[in-house]
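Novice: This structure is in structure tokens; I'll ask about it shortly.
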Amino acid sequence: MSQPEARASLEIPASIDRVWQVLTALDQYGAWNPFIVKVDGGATPVLGGRLVLHVKWEQGGGASSGEVVTRVEPPGTSAALAWRFTGVLPTLGLVRAERLQTLTRLDDVRTRYESVEIFHGLLASFVPLEKVRRGFERQAEALRDAAR
């Protein structure tokens with residue numbers, strides 16, 4: 001049985017360093033990110049750091065989730081930022097997930113952004129997957145616009 005997943009990918013007309021700068025300025029998400037509208041826990045991601053993400057759904061409403069940063073790999077030919085869902089649901093094995101966001105240098109002025117999250121656990125099929133997918137797409141588009 002396949003696991004539910006959300007993905008988004010697009011090309012951004014900006015350098016990998018510029019896209020990384022926008023992606024990792026967590027304290028600025030409210031200014032450009034329509035999906036994760038606020039991040040508590042630090043201005044920039046730190047490996048092992050704890051975050052609270054405040055998500056806004058496209059059709060209204062939202063949610064908050066505790067996360068721990070699992071990867072922070074600054075740009076070279078690629079870059080990566082990941083965080084893992086924490087709290088009661090993953091502790092009990094009901095819903096586990098890790099979101100991985102990667103940047104790939106296409107050339108000096110173009111970067112490929114990709115985001116993927118695969119959900120595991122007994123209640124994974126109850127994750128509002130279409131809302132999450134659309135949120136990832138909206139974030140990708142906004143990241144492109146903010147990095148220009």
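Chain labels run A, B, ... following the order of the structure tokens; each chain numbers its residues from 1, and ligands are numbered from 1 in the order shown.
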Could you pull out the residues in chain A that DSSP calls strand (DSSP E) from the backbone, as an MDAnalysis selection string?
Specialist: chainID A and resid 5:12 36:40 50:56 62:73 78:85 96:107 110:120
Novice: Taking C-alpha atoms for each residue, export the selection above as an mmCIF file, in the first residue's frame.
Specialist:
```cif
data_model
loop_
_atom_site.group_PDB
_atom_site.id
_atom_site.type_symbol
_atom_site.label_atom_id
_atom_site.label_comp_id
_atom_site.auth_asym_id
_atom_site.auth_seq_id
_atom_site.Cartn_x
_atom_site.Cartn_y
_atom_site.Cartn_z
ATOM 1 C CA GLU A 5 2.348 12.165 0.009
ATOM 2 C CA ALA A 6 2.375 15.817 -0.958
ATOM 3 C CA ARG A 7 4.803 17.245 -3.531
ATOM 4 C CA ALA A 8 5.546 20.503 -5.282
ATOM 5 C CA SER A 9 8.303 21.445 -7.691
ATOM 6 C CA LEU A 10 9.137 24.445 -9.848
ATOM 7 C CA GLU A 11 11.950 26.418 -11.388
ATOM 8 C CA ILE A 12 12.834 29.728 -9.762
ATOM 9 C CA ILE A 36 3.224 28.747 6.600
ATOM 10 C CA VAL A 37 2.241 32.184 7.804
ATOM 11 C CA LYS A 38 4.280 32.155 11.021
ATOM 12 C CA VAL A 39 7.131 30.164 12.535
ATOM 13 C CA ASP A 40 7.900 30.164 16.246
ATOM 14 C CA ARG A 50 12.267 22.973 17.629
ATOM 15 C CA LEU A 51 9.725 24.948 15.627
ATOM 16 C CA VAL A 52 6.000 25.556 15.673
ATOM 17 C CA LEU A 53 4.596 26.077 12.181
ATOM 18 C CA HIS A 54 1.348 27.993 11.793
ATOM 19 C CA VAL A 55 -0.361 26.876 8.576
ATOM 20 C CA LYS A 56 -3.196 28.649 6.776
ATOM 21 C CA GLY A 62 -5.509 26.460 9.603
ATOM 22 C CA ALA A 63 -3.432 24.383 11.964
ATOM 23 C CA SER A 64 -0.253 24.496 14.013
ATOM 24 C CA SER A 65 2.312 21.733 14.279
ATOM 25 C CA GLY A 66 5.407 21.081 16.317
ATOM 26 C CA GLU A 67 8.481 20.195 14.255
ATOM 27 C CA VAL A 68 12.141 19.437 14.810
ATOM 28 C CA VAL A 69 14.721 20.476 12.198
ATOM 29 C CA THR A 70 16.446 17.369 10.806
ATOM 30 C CA ARG A 71 18.559 18.771 7.933
ATOM 31 C CA VAL A 72 20.167 22.107 7.182
ATOM 32 C CA GLU A 73 22.510 21.798 4.206
ATOM 33 C CA SER A 78 22.282 21.688 -4.034
ATOM 34 C CA ALA A 79 20.825 22.565 -0.638
ATOM 35 C CA ALA A 80 18.357 20.892 1.742
ATOM 36 C CA LEU A 81 16.088 21.853 4.608
ATOM 37 C CA ALA A 82 13.945 19.307 6.441
ATOM 38 C CA TRP A 83 11.822 19.092 9.542
ATOM 39 C CA ARG A 84 9.957 16.237 11.225
ATOM 40 C CA PHE A 85 6.472 16.363 12.753
ATOM 41 C CA ARG A 96 4.586 10.409 11.179
ATOM 42 C CA ALA A 97 6.039 12.697 8.521
ATOM 43 C CA GLU A 98 9.139 14.606 7.517
ATOM 44 C CA ARG A 99 9.071 17.451 5.009
ATOM 45 C CA LEU A 100 12.136 17.714 2.784
ATOM 46 C CA GLN A 101 12.729 20.869 0.742
ATOM 47 C CA THR A 102 15.598 20.786 -1.738
ATOM 48 C CA LEU A 103 17.204 23.323 -4.023
ATOM 49 C CA THR A 104 19.207 22.347 -7.088
ATOM 50 C CA ARG A 105 21.438 24.816 -8.900
ATOM 51 C CA LEU A 106 20.459 24.767 -12.593
ATOM 52 C CA ASP A 107 22.862 27.587 -13.460
ATOM 53 C CA ARG A 110 18.027 29.426 -12.068
ATOM 54 C CA THR A 111 17.200 27.061 -9.214
ATOM 55 C CA ARG A 112 14.904 24.027 -8.992
ATOM 56 C CA TYR A 113 12.817 23.965 -5.769
ATOM 57 C CA GLU A 114 11.243 20.710 -4.642
ATOM 58 C CA SER A 115 9.214 19.873 -1.570
ATOM 59 C CA VAL A 116 7.979 16.445 -0.528
ATOM 60 C CA GLU A 117 6.330 15.010 2.565
ATOM 61 C CA ILE A 118 5.323 11.360 2.895
ATOM 62 C CA PHE A 119 2.898 10.459 5.665
ATOM 63 C CA HIS A 120 3.117 7.190 7.617
#
```
Novice: What lies within 9 Å of range 24-33 of chain A using only C-alpha atoms, ignoring chain neighbours under 3 positions off, as a JSON list (two decimals) with N, CA and C atoms, in the first residue's frame?
Specialist:
```json
[["chain", "number", "residue", "atom", "x", "y", "z"],
["A", 19, "VAL", "N", 17.60, 32.00, -3.22],
["A", 19, "VAL", "CA", 16.44, 31.19, -2.83],
["A", 19, "VAL", "C", 16.65, 30.64, -1.42],
["A", 20, "TRP", "N", 17.85, 30.18, -1.11],
["A", 20, "TRP", "CA", 18.18, 29.66, 0.22],
["A", 20, "TRP", "C", 17.98, 30.76, 1.27],
["A", 21, "GLN", "N", 18.41, 31.96, 0.95],
["A", 21, "GLN", "CA", 18.26, 33.09, 1.88],
["A", 21, "GLN", "C", 16.79, 33.30, 2.24],
["A", 36, "ILE", "N", 2.69, 28.67, 5.24],
["A", 36, "ILE", "CA", 3.22, 28.75, 6.60],
["A", 36, "ILE", "C", 3.34, 30.23, 6.91],
["A", 37, "VAL", "N", 2.35, 30.75, 7.62],
["A", 37, "VAL", "CA", 2.24, 32.18, 7.80],
["A", 37, "VAL", "C", 3.02, 32.70, 9.01],
["A", 38, "LYS", "N", 3.49, 31.77, 9.85],
["A", 38, "LYS", "CA", 4.28, 32.16, 11.02],
["A", 38, "LYS", "C", 5.07, 30.95, 11.50],
["A", 39, "VAL", "N", 6.29, 31.20, 11.96],
["A", 39, "VAL", "CA", 7.13, 30.16, 12.53],
["A", 39, "VAL", "C", 7.62, 30.65, 13.89],
["A", 40, "ASP", "N", 7.35, 29.88, 14.93],
["A", 40, "ASP", "CA", 7.90, 30.16, 16.25],
["A", 40, "ASP", "C", 9.09, 29.23, 16.47],
["A", 41, "GLY", "N", 10.14, 29.76, 17.11],
["A", 41, "GLY", "CA", 11.25, 28.89, 17.47],
["A", 41, "GLY", "C", 12.60, 29.33, 16.94],
["A", 42, "GLY", "N", 12.64, 30.38, 16.19],
["A", 42, "GLY", "CA", 13.94, 30.87, 15.73],
["A", 42, "GLY", "C", 13.83, 31.61, 14.42],
["A", 43, "ALA", "N", 14.79, 32.52, 14.20],
["A", 43, "ALA", "CA", 14.80, 33.31, 12.98],
["A", 43, "ALA", "C", 15.28, 32.49, 11.79],
["A", 44, "THR", "N", 16.17, 31.53, 12.05],
["A", 44, "THR", "CA", 16.70, 30.66, 11.00],
["A", 44, "THR", "C", 16.73, 29.23, 11.52],
["A", 45, "PRO", "N", 16.68, 28.23, 10.64],
["A", 45, "PRO", "CA", 16.68, 26.83, 11.09],
["A", 45, "PRO", "C", 18.04, 26.40, 11.61],
["A", 81, "LEU", "N", 16.67, 21.46, 3.33],
["A", 81, "LEU", "CA", 16.09, 21.85, 4.61],
["A", 81, "LEU", "C", 14.96, 20.87, 4.90],
["A", 138, "ARG", "N", 1.31, 26.58, -3.30],
["A", 138, "ARG", "CA", 1.22, 28.02, -3.03],
["A", 138, "ARG", "C", 2.52, 28.54, -2.45],
["A", 139, "GLN", "N", 3.15, 27.77, -1.55],
["A", 139, "GLN", "CA", 4.42, 28.18, -0.98],
["A", 139, "GLN", "C", 5.50, 28.24, -2.06],
["A", 140, "ALA", "N", 5.54, 27.24, -2.93],
["A", 140, "ALA", "CA", 6.55, 27.22, -4.01],
["A", 140, "ALA", "C", 6.41, 28.45, -4.90],
["A", 142, "ALA", "N", 5.03, 31.32, -4.14],
["A", 142, "ALA", "CA", 5.38, 32.52, -3.38],
["A", 142, "ALA", "C", 6.89, 32.62, -3.16],
["A", 143, "LEU", "N", 7.55, 31.48, -2.95],
["A", 143, "LEU", "CA", 9.01, 31.47, -2.83],
["A", 143, "LEU", "C", 9.66, 31.99, -4.11],
["A", 145, "ASP", "N", 8.34, 34.05, -6.26],
["A", 145, "ASP", "CA", 8.10, 35.49, -6.35],
["A", 145, "ASP", "C", 8.96, 36.28, -5.36],
["A", 146, "ALA", "N", 9.14, 35.75, -4.15],
["A", 146, "ALA", "CA", 9.92, 36.44, -3.12],
["A", 146, "ALA", "C", 11.42, 36.44, -3.44]]
```
Novice: Which residue is closest to Gly135 in chain A? Choose from A:Gly60, A:Leu94, A:Pro74, A:Val88 and count only C-alpha atoms.
Specialist: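 Using only C-alpha atoms, the shortest distance to Gly135 in chain A belongs to A:Gly60.
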Novice: Would you mind reading off the distance between CA of Thr91 in chain A and CA of Gly61 in chain A, one decimal, in Å?
Specialist: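 Going from CA of Thr91 in chain A over to CA of Gly61 in chain A, I get 25.4 Å.
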Novice: Taking the backbone alone, and naming residues the way the document does, which bits of range 14-120 of chain A are alpha helix (DSSP H) by DSSP, as a PyMOL selection string?
Specialist: chain A and resi 16-24+29-32+88-91
Novice: Suppose we keep C-alpha atoms; can you now write the selection as a PDB file, in the first residue's frame?
Specialist:
```pdb
ATOM      1  CA  ILE A  16      20.456  29.107  -5.317  1.00  0.00           C
ATOM      2  CA  ASP A  17      21.996  31.426  -2.701  1.00  0.00           C
ATOM      3  CA  ARG A  18      19.123  33.903  -3.034  1.00  0.00           C
ATOM      4  CA  VAL A  19      16.445  31.187  -2.834  1.00  0.00           C
ATOM      5  CA  TRP A  20      18.176  29.661   0.224  1.00  0.00           C
ATOM      6  CA  GLN A  21      18.261  33.090   1.879  1.00  0.00           C
ATOM      7  CA  VAL A  22      14.484  33.474   1.505  1.00  0.00           C
ATOM      8  CA  LEU A  23      13.700  29.838   2.419  1.00  0.00           C
ATOM      9  CA  THR A  24      15.716  29.915   5.639  1.00  0.00           C
ATOM     10  CA  TYR A  29       7.587  33.780   6.403  1.00  0.00           C
ATOM     11  CA  GLY A  30       4.631  35.978   7.339  1.00  0.00           C
ATOM     12  CA  ALA A  31       5.726  38.549   4.754  1.00  0.00           C
ATOM     13  CA  TRP A  32       5.695  36.201   1.749  1.00  0.00           C
ATOM     14  CA  VAL A  88       1.538  12.886  20.457  1.00  0.00           C
ATOM     15  CA  LEU A  89       0.483  11.626  17.002  1.00  0.00           C
ATOM     16  CA  PRO A  90       3.975  10.583  15.863  1.00  0.00           C
ATOM     17  CA  THR A  91       4.917   9.327  19.335  1.00  0.00           C
TER      18      THR A  91
END
```
Novice: Would you mind telling me which residue in A:Gly93, A:Ala147, A:Lys131, A:Glu137 lies nearest to Glu58 in chain A when using only C-alpha atoms?
Specialist: A:Lys131
Novice: Could you please determine the separation between CA of Arg144 in chain A and CA of Pro13 in chain A in Å, to one decimal place?
Specialist: 7.2 Å
Novice: What does the distance from CA of Gln59 in chain A to CA of Arg134 in chain A come to in Å, to one decimal?
Specialist: 10.3 Å
